[in-house]
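Okay, data30.cif is below, mmCIF, C-alpha atoms and all ligand atoms:
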```cif
data_run
loop_
_atom_site.group_PDB
_atom_site.id
_atom_site.type_symbol
_atom_site.label_atom_id
_atom_site.label_comp_id
_atom_site.auth_asym_id
_atom_site.auth_seq_id
_atom_site.Cartn_x
_atom_site.Cartn_y
_atom_site.Cartn_z
ATOM 1 C CA MET J 1 6.740 -32.062 14.676
ATOM 2 C CA ILE J 2 6.333 -28.286 14.919
ATOM 3 C CA THR J 3 3.074 -26.641 16.029
ATOM 4 C CA LEU J 4 2.518 -22.884 16.054
ATOM 5 C CA TYR J 5 -0.151 -21.400 18.322
ATOM 6 C CA HIS J 6 -1.338 -18.384 16.376
ATOM 7 C CA ALA J 7 -3.954 -15.642 16.721
ATOM 8 C CA PRO J 8 -4.773 -14.229 13.268
ATOM 9 C CA GLY J 9 -3.490 -10.665 12.692
ATOM 10 C CA SER J 10 -1.402 -10.739 15.879
ATOM 11 C CA CYS J 11 2.379 -10.807 16.368
ATOM 12 C CA SER J 12 2.350 -14.587 15.855
ATOM 13 C CA LEU J 13 1.768 -13.819 12.160
ATOM 14 C CA ALA J 14 5.504 -13.027 11.897
ATOM 15 C CA VAL J 15 6.224 -16.597 13.015
ATOM 16 C CA LYS J 16 3.647 -17.987 10.582
ATOM 17 C CA ALA J 17 5.442 -16.101 7.781
ATOM 18 C CA ALA J 18 8.858 -17.372 8.946
ATOM 19 C CA LEU J 19 7.605 -20.973 8.998
ATOM 20 C CA ALA J 20 6.114 -20.574 5.526
ATOM 21 C CA ILE J 21 9.400 -19.359 4.056
ATOM 22 C CA SER J 22 11.486 -21.862 6.067
ATOM 23 C CA GLY J 23 10.070 -24.936 4.370
ATOM 24 C CA LEU J 24 9.860 -26.654 7.794
ATOM 25 C CA GLU J 25 6.954 -29.045 8.147
ATOM 26 C CA HIS J 26 4.503 -27.589 10.657
ATOM 27 C CA GLU J 27 0.910 -27.174 11.670
ATOM 28 C CA VAL J 28 -0.898 -24.037 12.873
ATOM 29 C CA ASN J 29 -3.325 -24.112 15.818
ATOM 30 C CA ILE J 30 -5.574 -21.080 15.919
ATOM 31 C CA VAL J 31 -6.068 -19.328 19.262
ATOM 32 C CA ASN J 32 -9.171 -17.129 19.140
ATOM 33 C CA ALA J 33 -7.830 -14.254 21.244
ATOM 34 C CA GLN J 34 -11.008 -12.186 20.805
ATOM 35 C CA ALA J 35 -12.970 -15.039 22.411
ATOM 36 C CA GLY J 36 -10.373 -15.264 25.215
ATOM 37 C CA GLU J 37 -8.955 -18.685 24.297
ATOM 38 C CA GLN J 38 -5.499 -17.535 25.504
ATOM 39 C CA PHE J 39 -6.891 -17.626 29.067
ATOM 40 C CA THR J 40 -8.071 -21.260 28.999
ATOM 41 C CA PRO J 41 -6.314 -23.712 31.371
ATOM 42 C CA GLU J 42 -5.097 -25.679 28.316
ATOM 43 C CA PHE J 43 -3.367 -22.650 26.804
ATOM 44 C CA ILE J 44 -2.015 -21.410 30.147
ATOM 45 C CA LYS J 45 -0.123 -24.719 30.354
ATOM 46 C CA ILE J 46 1.571 -23.741 27.088
ATOM 47 C CA ASN J 47 2.189 -20.096 28.011
ATOM 48 C CA PRO J 48 1.371 -18.918 31.561
ATOM 49 C CA LEU J 49 1.405 -15.344 30.207
ATOM 50 C CA SER J 50 -1.611 -16.144 27.975
ATOM 51 C CA LYS J 51 0.147 -14.804 24.877
ATOM 52 C CA VAL J 52 0.785 -16.040 21.372
ATOM 53 C CA PRO J 53 3.052 -16.994 19.699
ATOM 54 C CA ALA J 54 4.000 -20.330 21.202
ATOM 55 C CA LEU J 55 5.895 -22.945 19.231
ATOM 56 C CA ILE J 56 5.931 -26.586 20.243
ATOM 57 C CA VAL J 57 8.858 -28.517 18.795
ATOM 58 C CA ASN J 58 8.691 -32.263 19.469
ATOM 59 C CA GLY J 59 7.061 -31.549 22.842
ATOM 60 C CA ASP J 60 9.325 -28.658 23.880
ATOM 61 C CA ILE J 61 7.676 -25.235 24.186
ATOM 62 C CA ILE J 62 9.238 -21.975 23.005
ATOM 63 C CA THR J 63 7.473 -18.691 23.751
ATOM 64 C CA GLU J 64 8.523 -15.086 22.988
ATOM 65 C CA GLY J 65 8.375 -14.253 19.302
ATOM 66 C CA ALA J 66 11.956 -12.975 19.111
ATOM 67 C CA ALA J 67 13.319 -16.302 20.419
ATOM 68 C CA ILE J 68 11.050 -18.297 18.111
ATOM 69 C CA LEU J 69 12.048 -16.322 15.009
ATOM 70 C CA GLN J 70 15.727 -16.730 15.824
ATOM 71 C CA TYR J 71 15.234 -20.483 16.366
ATOM 72 C CA ILE J 72 13.507 -20.864 12.979
ATOM 73 C CA SER J 73 16.299 -18.930 11.246
ATOM 74 C CA GLU J 74 18.843 -21.332 12.787
ATOM 75 C CA VAL J 75 17.090 -24.620 12.019
ATOM 76 C CA ALA J 76 16.257 -23.511 8.450
ATOM 77 C CA PRO J 77 19.514 -21.799 7.368
ATOM 78 C CA ASN J 78 18.685 -22.112 3.658
ATOM 79 C CA ALA J 79 15.811 -19.648 4.100
ATOM 80 C CA ASN J 80 18.396 -16.898 4.852
ATOM 81 C CA LEU J 81 16.266 -15.293 7.536
ATOM 82 C CA LEU J 82 19.338 -13.956 9.372
ATOM 83 C CA PRO J 83 22.887 -13.136 8.184
ATOM 84 C CA ALA J 84 25.769 -15.357 9.342
ATOM 85 C CA MET J 85 26.720 -15.653 13.018
ATOM 86 C CA GLY J 86 29.215 -13.049 14.208
ATOM 87 C CA THR J 87 28.629 -10.588 11.360
ATOM 88 C CA MET J 88 27.676 -6.936 11.767
ATOM 89 C CA ALA J 89 24.786 -7.584 9.357
ATOM 90 C CA ARG J 90 23.346 -10.135 11.823
ATOM 91 C CA ALA J 91 23.780 -7.747 14.749
ATOM 92 C CA GLN J 92 21.879 -5.061 12.834
ATOM 93 C CA ALA J 93 19.046 -7.445 11.894
ATOM 94 C CA LEU J 94 18.696 -8.519 15.553
ATOM 95 C CA LYS J 95 18.843 -4.890 16.673
ATOM 96 C CA TRP J 96 15.943 -3.948 14.373
ATOM 97 C CA MET J 97 13.919 -6.985 15.413
ATOM 98 C CA MET J 98 14.372 -6.026 19.084
ATOM 99 C CA PHE J 99 13.616 -2.390 18.252
ATOM 100 C CA VAL J 100 10.155 -3.486 17.154
ATOM 101 C CA TYR J 101 9.604 -6.060 19.955
ATOM 102 C CA SER J 102 10.874 -3.857 22.802
ATOM 103 C CA ASN J 103 9.839 -0.390 21.688
ATOM 104 C CA VAL J 104 7.019 -0.578 19.146
ATOM 105 C CA HIS J 105 5.002 -3.551 20.448
ATOM 106 C CA PRO J 106 4.343 -2.242 23.999
ATOM 107 C CA HIS J 107 2.800 0.946 22.593
ATOM 108 C CA PHE J 108 0.526 -1.015 20.271
ATOM 109 C CA ALA J 109 -0.539 -3.117 23.288
ATOM 110 C CA ARG J 110 -1.612 0.129 24.996
ATOM 111 C CA ALA J 111 -3.404 1.360 21.888
ATOM 112 C CA PHE J 112 -5.302 -1.936 21.430
ATOM 113 C CA VAL J 113 -6.305 -2.565 25.063
ATOM 114 C CA PRO J 114 -5.924 0.740 26.970
ATOM 115 C CA ALA J 115 -8.212 -0.470 29.772
ATOM 116 C CA ARG J 116 -5.425 -2.803 30.956
ATOM 117 C CA TYR J 117 -3.136 0.179 31.544
ATOM 118 C CA GLY J 118 -5.293 2.665 33.463
ATOM 119 C CA ASN J 119 -8.627 4.438 33.655
ATOM 120 C CA ASP J 120 -8.184 7.234 31.118
ATOM 121 C CA GLU J 121 -8.361 5.142 27.963
ATOM 122 C CA THR J 122 -8.378 8.129 25.602
ATOM 123 C CA ASP J 123 -5.222 9.550 27.146
ATOM 124 C CA ILE J 124 -3.471 6.149 27.106
ATOM 125 C CA LYS J 125 -4.341 5.639 23.424
ATOM 126 C CA GLU J 126 -3.250 9.154 22.443
ATOM 127 C CA LYS J 127 0.090 8.844 24.220
ATOM 128 C CA ALA J 128 0.682 5.416 22.666
ATOM 129 C CA GLU J 129 -0.091 6.754 19.196
ATOM 130 C CA SER J 130 2.206 9.724 19.686
ATOM 131 C CA ALA J 131 5.057 7.435 20.832
ATOM 132 C CA LEU J 132 4.455 5.192 17.824
ATOM 133 C CA HIS J 133 4.801 8.157 15.479
ATOM 134 C CA ASP J 134 8.158 9.037 17.067
ATOM 135 C CA LEU J 135 9.360 5.436 16.616
ATOM 136 C CA PHE J 136 8.135 5.226 13.030
ATOM 137 C CA ALA J 137 9.907 8.478 12.169
ATOM 138 C CA ILE J 138 13.140 6.611 13.028
ATOM 139 C CA ILE J 139 12.036 3.548 11.037
ATOM 140 C CA ASN J 140 11.109 5.775 8.085
ATOM 141 C CA ASP J 141 14.608 7.320 8.096
ATOM 142 C CA GLN J 142 16.205 3.867 8.168
ATOM 143 C CA LEU J 143 14.095 2.818 5.166
ATOM 144 C CA ALA J 144 15.216 5.827 3.096
ATOM 145 C CA ASP J 145 18.342 3.971 1.910
ATOM 146 C CA ASN J 146 17.415 0.340 2.635
ATOM 147 C CA ASP J 147 14.939 -1.928 0.878
ATOM 148 C CA PHE J 148 14.543 -3.929 4.088
ATOM 149 C CA ILE J 149 14.803 -2.699 7.662
ATOM 150 C CA ALA J 150 18.351 -3.971 8.294
ATOM 151 C CA GLY J 151 19.749 -3.514 4.783
ATOM 152 C CA ALA J 152 19.414 -5.038 1.328
ATOM 153 C CA GLU J 153 18.088 -8.458 2.415
ATOM 154 C CA LEU J 154 14.866 -9.568 4.081
ATOM 155 C CA SER J 155 15.332 -10.869 7.642
ATOM 156 C CA ILE J 156 13.186 -11.941 10.602
ATOM 157 C CA ALA J 157 13.107 -8.260 11.649
ATOM 158 C CA ASP J 158 11.032 -7.473 8.543
ATOM 159 C CA LEU J 159 8.507 -10.209 9.278
ATOM 160 C CA TYR J 160 7.672 -8.661 12.619
ATOM 161 C CA LEU J 161 7.815 -5.053 11.400
ATOM 162 C CA ALA J 162 5.303 -5.832 8.631
ATOM 163 C CA VAL J 163 2.801 -7.033 11.236
ATOM 164 C CA ALA J 164 3.386 -3.945 13.384
ATOM 165 C CA ILE J 165 2.714 -1.677 10.394
ATOM 166 C CA HIS J 166 -0.542 -3.537 9.784
ATOM 167 C CA TRP J 167 -1.650 -2.632 13.315
ATOM 168 C CA GLN J 168 -1.975 0.983 12.154
ATOM 169 C CA ILE J 169 -5.603 0.018 11.463
ATOM 170 C CA ILE J 170 -6.395 1.171 14.998
ATOM 171 C CA MET J 171 -4.570 4.514 14.721
ATOM 172 C CA LYS J 172 -6.288 7.849 14.121
ATOM 173 C CA ASP J 173 -3.359 9.007 11.996
ATOM 174 C CA PRO J 174 -2.148 5.949 10.019
ATOM 175 C CA LEU J 175 1.606 5.442 9.623
ATOM 176 C CA THR J 176 1.703 4.739 5.888
ATOM 177 C CA LYS J 177 -0.118 8.011 5.089
ATOM 178 C CA LYS J 178 2.547 9.996 6.912
ATOM 179 C CA TYR J 179 5.713 7.994 6.147
ATOM 180 C CA ALA J 180 6.271 7.388 2.429
ATOM 181 C CA ASN J 181 9.238 5.040 2.959
ATOM 182 C CA VAL J 182 7.135 2.894 5.296
ATOM 183 C CA GLU J 183 4.343 2.710 2.690
ATOM 184 C CA ASN J 184 6.797 1.704 -0.087
ATOM 185 C CA TYR J 185 8.400 -0.849 2.230
ATOM 186 C CA LEU J 186 5.033 -2.405 3.087
ATOM 187 C CA GLN J 187 4.226 -2.778 -0.625
ATOM 188 C CA ARG J 188 7.670 -4.406 -1.159
ATOM 189 C CA LEU J 189 6.954 -6.934 1.587
ATOM 190 C CA LEU J 190 3.466 -7.688 0.279
ATOM 191 C CA ALA J 191 5.029 -8.448 -3.111
ATOM 192 C CA PHE J 192 7.790 -10.643 -1.615
ATOM 193 C CA PRO J 193 7.534 -14.356 -2.505
ATOM 194 C CA VAL J 194 5.700 -16.572 0.017
ATOM 195 C CA VAL J 195 5.631 -14.176 2.981
ATOM 196 C CA GLY J 196 3.711 -11.545 0.971
ATOM 197 C CA ASN J 197 0.863 -14.000 0.491
ATOM 198 C CA VAL J 198 0.900 -14.989 4.175
ATOM 199 C CA PHE J 199 0.528 -11.318 5.148
ATOM 200 C CA LYS J 200 -2.133 -10.586 2.517
ATOM 201 C CA SER J 201 -4.211 -13.531 3.766
ATOM 202 C CA GLU J 202 -4.496 -11.888 7.232
ATOM 203 C CA PHE J 203 -4.259 -8.141 6.570
ATOM 204 C CA SER J 204 -7.754 -6.842 5.928
HETATM 205 N N1 LIG J 301 6.561 -10.751 24.694
HETATM 206 C C1 LIG J 301 5.647 -11.559 23.913
HETATM 207 C C2 LIG J 301 4.373 -10.773 23.721
HETATM 208 C C3 LIG J 301 3.356 -11.537 22.916
HETATM 209 C C4 LIG J 301 2.027 -10.789 22.829
HETATM 210 O O1 LIG J 301 1.851 -9.679 23.365
HETATM 211 N N2 LIG J 301 1.078 -11.411 22.139
HETATM 212 C C5 LIG J 301 -0.243 -10.837 22.000
HETATM 213 C C6 LIG J 301 -0.656 -10.816 20.512
HETATM 214 S S1 LIG J 301 0.357 -9.702 19.577
HETATM 215 C C7 LIG J 301 -1.251 -11.676 22.733
HETATM 216 O O2 LIG J 301 -1.170 -12.896 22.731
HETATM 217 N N3 LIG J 301 -2.208 -11.026 23.382
HETATM 218 C C8 LIG J 301 -3.268 -11.681 24.058
HETATM 219 C C9 LIG J 301 -3.615 -10.959 25.323
HETATM 220 O O3 LIG J 301 -2.809 -10.109 25.760
HETATM 221 O O4 LIG J 301 -4.666 -11.233 25.875
HETATM 222 C C10 LIG J 301 6.270 -11.882 22.558
HETATM 223 O O5 LIG J 301 6.984 -11.020 22.028
HETATM 224 O O6 LIG J 301 6.048 -12.984 22.031
#
```
Could you express the structure from this file as structure tokens?
Amino acid sequence: MITLYHAPGSCSLAVKAALAISGLEHEVNIVNAQAGEQFTPEFIKINPLSKVPALIVNGDIITEGAAILQYISEVAPNANLLPAMGTMARAQALKWMMFVYSNVHPHFARAFVPARYGNDETDIKEKAESALHDLFAIINDQLADNDFIAGAELSIADLYLAVAIHWQIIMKDPLTKKYANVENYLQRLLAFPVVGNVFKSEFS
């Protein structure tokens, strides 16, 4: 049995989308992050970092979204969520997934909860937003010649990038207004079978 611990609209939405397209039987347990449910003793037993996503597979716990997405792509190979092992296409898909996890996500964390990072919340938010624009300029260039972030096919990297684009709701200067390729890409993902509906159900 597979159980996803998920906070709506958060990075665990990428895992929810991957599970939906994988065809794997699973259930979703909602963690109300706004109410602080990630800090309860029950959830800390699942992830001592108090973060979603967490995936429980027959009693074993996997945390870290990048590891979970890769696991799902391996146990559901027919969903084609990653190119074949050892190919350059796979390396590029993993590179773009890590680009978003390692570079984009930390800046959104600062923009969403600046108080965790220092006293000057306005300055923290402004610097985070500026860094995000620099990163999305690179993403926009990559999308000029590619329908999906790592090439012609959807991969786990796209599932996470779609969620990150949605987080522009907290930015003063939204990404999709500035970067036309990012806007077209988002519309492509929202129209994609299965995952498009998962995103639409949580993007408001
Ligand atoms: N490195 C972790 C980070 C996960 C993470 O930051 N999750 C956020 C939601 S996007 C969270 O649970 N935040 C709750 C909190 O920080 O209180 C991963 O990539 O899975």
Evaluate the PyMOL selection byres (((not hetatm)) within 8 of (chain J and resi 301)) and report residues as a ChimeraX atom specification: /J:7,9-12,33,36,38-39,50-54,63-66,101,105-106,109
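The shortest atom-to-atom distance to Tyr160 (chain J), with all atoms listed in the file taken into account, belongs to J:Leu69 out of J:Ala35, J:Ile46, J:Leu69, J:Ala144.
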Residues in the PyMOL selection byres (((chain J and resi 22-31) around 7) and not hetatm), expressed as number ranges by chain: J: 1-7, 18-21, 32-33, 37-38, 76, 79
Any idea what's packed within 10 Å of Met97 (chain J), counting all atoms listed in the file, ignoring anything in its chain fewer than 4 positions away? Could you give it as a tab-separated table (two decimals) with C-alpha atoms, in the coordinates of the input?
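Contents of around.tsv, freshly written:
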```tsv
chain	number	residue	atom	x	y	z
J	65	GLY	CA	8.38	-14.25	19.30
J	66	ALA	CA	11.96	-12.98	19.11
J	69	LEU	CA	12.05	-16.32	15.01
J	70	GLN	CA	15.73	-16.73	15.82
J	91	ALA	CA	23.78	-7.75	14.75
J	92	GLN	CA	21.88	-5.06	12.83
J	93	ALA	CA	19.05	-7.44	11.89
J	101	TYR	CA	9.60	-6.06	19.95
J	102	SER	CA	10.87	-3.86	22.80
J	103	ASN	CA	9.84	-0.39	21.69
J	149	ILE	CA	14.80	-2.70	7.66
J	150	ALA	CA	18.35	-3.97	8.29
J	155	SER	CA	15.33	-10.87	7.64
J	156	ILE	CA	13.19	-11.94	10.60
J	157	ALA	CA	13.11	-8.26	11.65
J	158	ASP	CA	11.03	-7.47	8.54
J	159	LEU	CA	8.51	-10.21	9.28
J	160	TYR	CA	7.67	-8.66	12.62
J	161	LEU	CA	7.82	-5.05	11.40
```
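Going from CA of Leu55 (chain J) over to CA of Val15 (chain J), you cover 8.9 Å.
Proximity ranking of J:Ile44, J:Asp134, J:Ile170, J:Tyr179 relative to Pro114 (chain J) places J:Ile170 first, based on all atoms listed in the file.
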With 5 Å of padding per side, what axis-aligned box (centre and edge lengths, Å, one decimal) covers all the listed atoms of region 112-119 of chain J? Give it as JSON.
```
{"center_x": -5.9, "center_y": 0.8, "center_z": 27.5, "size_x": 15.5, "size_y": 17.2, "size_z": 22.2}
```
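As for CA of Ser204 (chain J) and CA of Ala180 (chain J), they are spaced 20.3 Å apart.
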Which residues match the PyMOL selection byres (((chain J and resi 182-189) around 10) and not hetatm) in the file above, as a PDB file with C-alpha atoms, keeping the file's coordinate frame?
```pdb
ATOM      1  CA  PHE J 136       8.135   5.226  13.030  1.00  0.00           C
ATOM      2  CA  ALA J 137       9.907   8.478  12.169  1.00  0.00           C
ATOM      3  CA  ILE J 139      12.036   3.548  11.037  1.00  0.00           C
ATOM      4  CA  ASN J 140      11.109   5.775   8.085  1.00  0.00           C
ATOM      5  CA  ASP J 141      14.608   7.320   8.096  1.00  0.00           C
ATOM      6  CA  GLN J 142      16.205   3.867   8.168  1.00  0.00           C
ATOM      7  CA  LEU J 143      14.095   2.818   5.166  1.00  0.00           C
ATOM      8  CA  ALA J 144      15.216   5.827   3.096  1.00  0.00           C
ATOM      9  CA  ASN J 146      17.415   0.340   2.635  1.00  0.00           C
ATOM     10  CA  ASP J 147      14.939  -1.928   0.878  1.00  0.00           C
ATOM     11  CA  PHE J 148      14.543  -3.929   4.088  1.00  0.00           C
ATOM     12  CA  ILE J 149      14.803  -2.699   7.662  1.00  0.00           C
ATOM     13  CA  LEU J 154      14.866  -9.568   4.081  1.00  0.00           C
ATOM     14  CA  ASP J 158      11.032  -7.473   8.543  1.00  0.00           C
ATOM     15  CA  LEU J 159       8.507 -10.209   9.278  1.00  0.00           C
ATOM     16  CA  LEU J 161       7.815  -5.053  11.400  1.00  0.00           C
ATOM     17  CA  ALA J 162       5.303  -5.832   8.631  1.00  0.00           C
ATOM     18  CA  VAL J 163       2.801  -7.033  11.236  1.00  0.00           C
ATOM     19  CA  ILE J 165       2.714  -1.677  10.394  1.00  0.00           C
ATOM     20  CA  HIS J 166      -0.542  -3.537   9.784  1.00  0.00           C
ATOM     21  CA  LEU J 175       1.606   5.442   9.623  1.00  0.00           C
ATOM     22  CA  THR J 176       1.703   4.739   5.888  1.00  0.00           C
ATOM     23  CA  LYS J 177      -0.118   8.011   5.089  1.00  0.00           C
ATOM     24  CA  LYS J 178       2.547   9.996   6.912  1.00  0.00           C
ATOM     25  CA  TYR J 179       5.713   7.994   6.147  1.00  0.00           C
ATOM     26  CA  ALA J 180       6.271   7.388   2.429  1.00  0.00           C
ATOM     27  CA  ASN J 181       9.238   5.040   2.959  1.00  0.00           C
ATOM     28  CA  LEU J 190       3.466  -7.688   0.279  1.00  0.00           C
ATOM     29  CA  ALA J 191       5.029  -8.448  -3.111  1.00  0.00           C
ATOM     30  CA  PHE J 192       7.790 -10.643  -1.615  1.00  0.00           C
ATOM     31  CA  PRO J 193       7.534 -14.356  -2.505  1.00  0.00           C
ATOM     32  CA  VAL J 194       5.700 -16.572   0.017  1.00  0.00           C
ATOM     33  CA  VAL J 195       5.631 -14.176   2.981  1.00  0.00           C
ATOM     34  CA  GLY J 196       3.711 -11.545   0.971  1.00  0.00           C
ATOM     35  CA  ASN J 197       0.863 -14.000   0.491  1.00  0.00           C
ATOM     36  CA  PHE J 199       0.528 -11.318   5.148  1.00  0.00           C
ATOM     37  CA  LYS J 200      -2.133 -10.586   2.517  1.00  0.00           C
TER      38      LYS J 200
END
```
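In terms of minimum interatomic distance to Glu202 (chain J), J:Trp167 ranks closest within J:Leu82, J:Lys172, J:His107, J:Trp167, counting only C-alpha atoms.
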Distance query Ala115 (chain J) at most 10 Å, only C-alpha atoms, self and fewer than 5 positions along chain excluded, as an MDAnalysis selection string: chainID J and resid 110 120:122 124:125
How would region 153-182 of chain J look with N, CA and C atoms restored, written as an mmCIF file, in the frame of the given file?
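Saved result, result.cif, follows:
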```cif
data_model
loop_
_atom_site.group_PDB
_atom_site.id
_atom_site.type_symbol
_atom_site.label_atom_id
_atom_site.label_comp_id
_atom_site.auth_asym_id
_atom_site.auth_seq_id
_atom_site.Cartn_x
_atom_site.Cartn_y
_atom_site.Cartn_z
ATOM 1 N N GLU J 153 18.720 -7.127 2.411
ATOM 2 C CA GLU J 153 18.088 -8.458 2.415
ATOM 3 C C GLU J 153 16.973 -8.536 3.449
ATOM 4 N N LEU J 154 15.943 -9.311 3.115
ATOM 5 C CA LEU J 154 14.866 -9.568 4.081
ATOM 6 C C LEU J 154 15.405 -10.391 5.254
ATOM 7 N N SER J 155 14.949 -10.077 6.456
ATOM 8 C CA SER J 155 15.332 -10.869 7.642
ATOM 9 C C SER J 155 14.110 -11.009 8.550
ATOM 10 N N ILE J 156 14.291 -11.758 9.643
ATOM 11 C CA ILE J 156 13.186 -11.941 10.602
ATOM 12 C C ILE J 156 12.677 -10.596 11.144
ATOM 13 N N ALA J 157 13.545 -9.582 11.168
ATOM 14 C CA ALA J 157 13.107 -8.260 11.649
ATOM 15 C C ALA J 157 11.982 -7.715 10.767
ATOM 16 N N ASP J 158 12.062 -7.973 9.463
ATOM 17 C CA ASP J 158 11.032 -7.473 8.543
ATOM 18 C C ASP J 158 9.698 -8.172 8.765
ATOM 19 N N LEU J 159 9.760 -9.460 9.119
ATOM 20 C CA LEU J 159 8.507 -10.209 9.278
ATOM 21 C C LEU J 159 7.683 -9.618 10.422
ATOM 22 N N TYR J 160 8.378 -9.233 11.478
ATOM 23 C CA TYR J 160 7.672 -8.661 12.619
ATOM 24 C C TYR J 160 7.260 -7.206 12.358
ATOM 25 N N LEU J 161 8.145 -6.458 11.693
ATOM 26 C CA LEU J 161 7.815 -5.053 11.400
ATOM 27 C C LEU J 161 6.588 -4.955 10.485
ATOM 28 N N ALA J 162 6.470 -5.861 9.537
ATOM 29 C CA ALA J 162 5.303 -5.832 8.631
ATOM 30 C C ALA J 162 4.009 -5.957 9.427
ATOM 31 N N VAL J 163 4.006 -6.849 10.420
ATOM 32 C CA VAL J 163 2.801 -7.033 11.236
ATOM 33 C C VAL J 163 2.513 -5.761 12.040
ATOM 34 N N ALA J 164 3.571 -5.174 12.591
ATOM 35 C CA ALA J 164 3.386 -3.945 13.384
ATOM 36 C C ALA J 164 2.806 -2.819 12.517
ATOM 37 N N ILE J 165 3.261 -2.728 11.278
ATOM 38 C CA ILE J 165 2.714 -1.677 10.394
ATOM 39 C C ILE J 165 1.218 -1.936 10.163
ATOM 40 N N HIS J 166 0.876 -3.197 10.000
ATOM 41 C CA HIS J 166 -0.542 -3.537 9.784
ATOM 42 C C HIS J 166 -1.419 -3.056 10.948
ATOM 43 N N TRP J 167 -0.863 -3.048 12.138
ATOM 44 C CA TRP J 167 -1.650 -2.632 13.315
ATOM 45 C C TRP J 167 -2.047 -1.158 13.277
ATOM 46 N N GLN J 168 -1.554 -0.415 12.296
ATOM 47 C CA GLN J 168 -1.975 0.983 12.154
ATOM 48 C C GLN J 168 -3.483 1.098 11.941
ATOM 49 N N ILE J 169 -4.147 -0.029 11.663
ATOM 50 C CA ILE J 169 -5.603 0.018 11.463
ATOM 51 C C ILE J 169 -6.337 0.603 12.668
ATOM 52 N N ILE J 170 -5.691 0.595 13.839
ATOM 53 C CA ILE J 170 -6.395 1.171 14.998
ATOM 54 C C ILE J 170 -5.968 2.615 15.275
ATOM 55 N N MET J 171 -5.066 3.158 14.434
ATOM 56 C CA MET J 171 -4.570 4.514 14.721
ATOM 57 C C MET J 171 -5.458 5.568 14.048
ATOM 58 N N LYS J 172 -5.530 6.733 14.694
ATOM 59 C CA LYS J 172 -6.288 7.849 14.121
ATOM 60 C C LYS J 172 -5.560 8.390 12.903
ATOM 61 N N ASP J 173 -4.218 8.407 13.014
ATOM 62 C CA ASP J 173 -3.359 9.007 11.996
ATOM 63 C C ASP J 173 -2.446 7.875 11.470
ATOM 64 N N PRO J 174 -2.884 7.149 10.427
ATOM 65 C CA PRO J 174 -2.148 5.949 10.019
ATOM 66 C C PRO J 174 -0.713 6.236 9.578
ATOM 67 N N LEU J 175 0.164 5.284 9.864
ATOM 68 C CA LEU J 175 1.606 5.442 9.623
ATOM 69 C C LEU J 175 1.925 5.598 8.137
ATOM 70 N N THR J 176 1.311 4.754 7.308
ATOM 71 C CA THR J 176 1.703 4.739 5.888
ATOM 72 C C THR J 176 1.232 5.995 5.144
ATOM 73 N N LYS J 177 0.294 6.739 5.720
ATOM 74 C CA LYS J 177 -0.118 8.011 5.089
ATOM 75 C C LYS J 177 0.940 9.065 5.345
ATOM 76 N N LYS J 178 1.598 8.961 6.501
ATOM 77 C CA LYS J 178 2.547 9.996 6.912
ATOM 78 C C LYS J 178 3.972 9.679 6.441
ATOM 79 N N TYR J 179 4.319 8.392 6.418
ATOM 80 C CA TYR J 179 5.713 7.994 6.147
ATOM 81 C C TYR J 179 5.793 7.246 4.824
ATOM 82 N N ALA J 180 6.251 7.961 3.784
ATOM 83 C CA ALA J 180 6.271 7.388 2.429
ATOM 84 C C ALA J 180 7.180 6.165 2.349
ATOM 85 N N ASN J 181 8.321 6.192 3.046
ATOM 86 C CA ASN J 181 9.238 5.040 2.959
ATOM 87 C C ASN J 181 8.609 3.800 3.589
ATOM 88 N N VAL J 182 7.809 4.022 4.633
ATOM 89 C CA VAL J 182 7.135 2.894 5.296
ATOM 90 C C VAL J 182 6.084 2.309 4.352
#
```
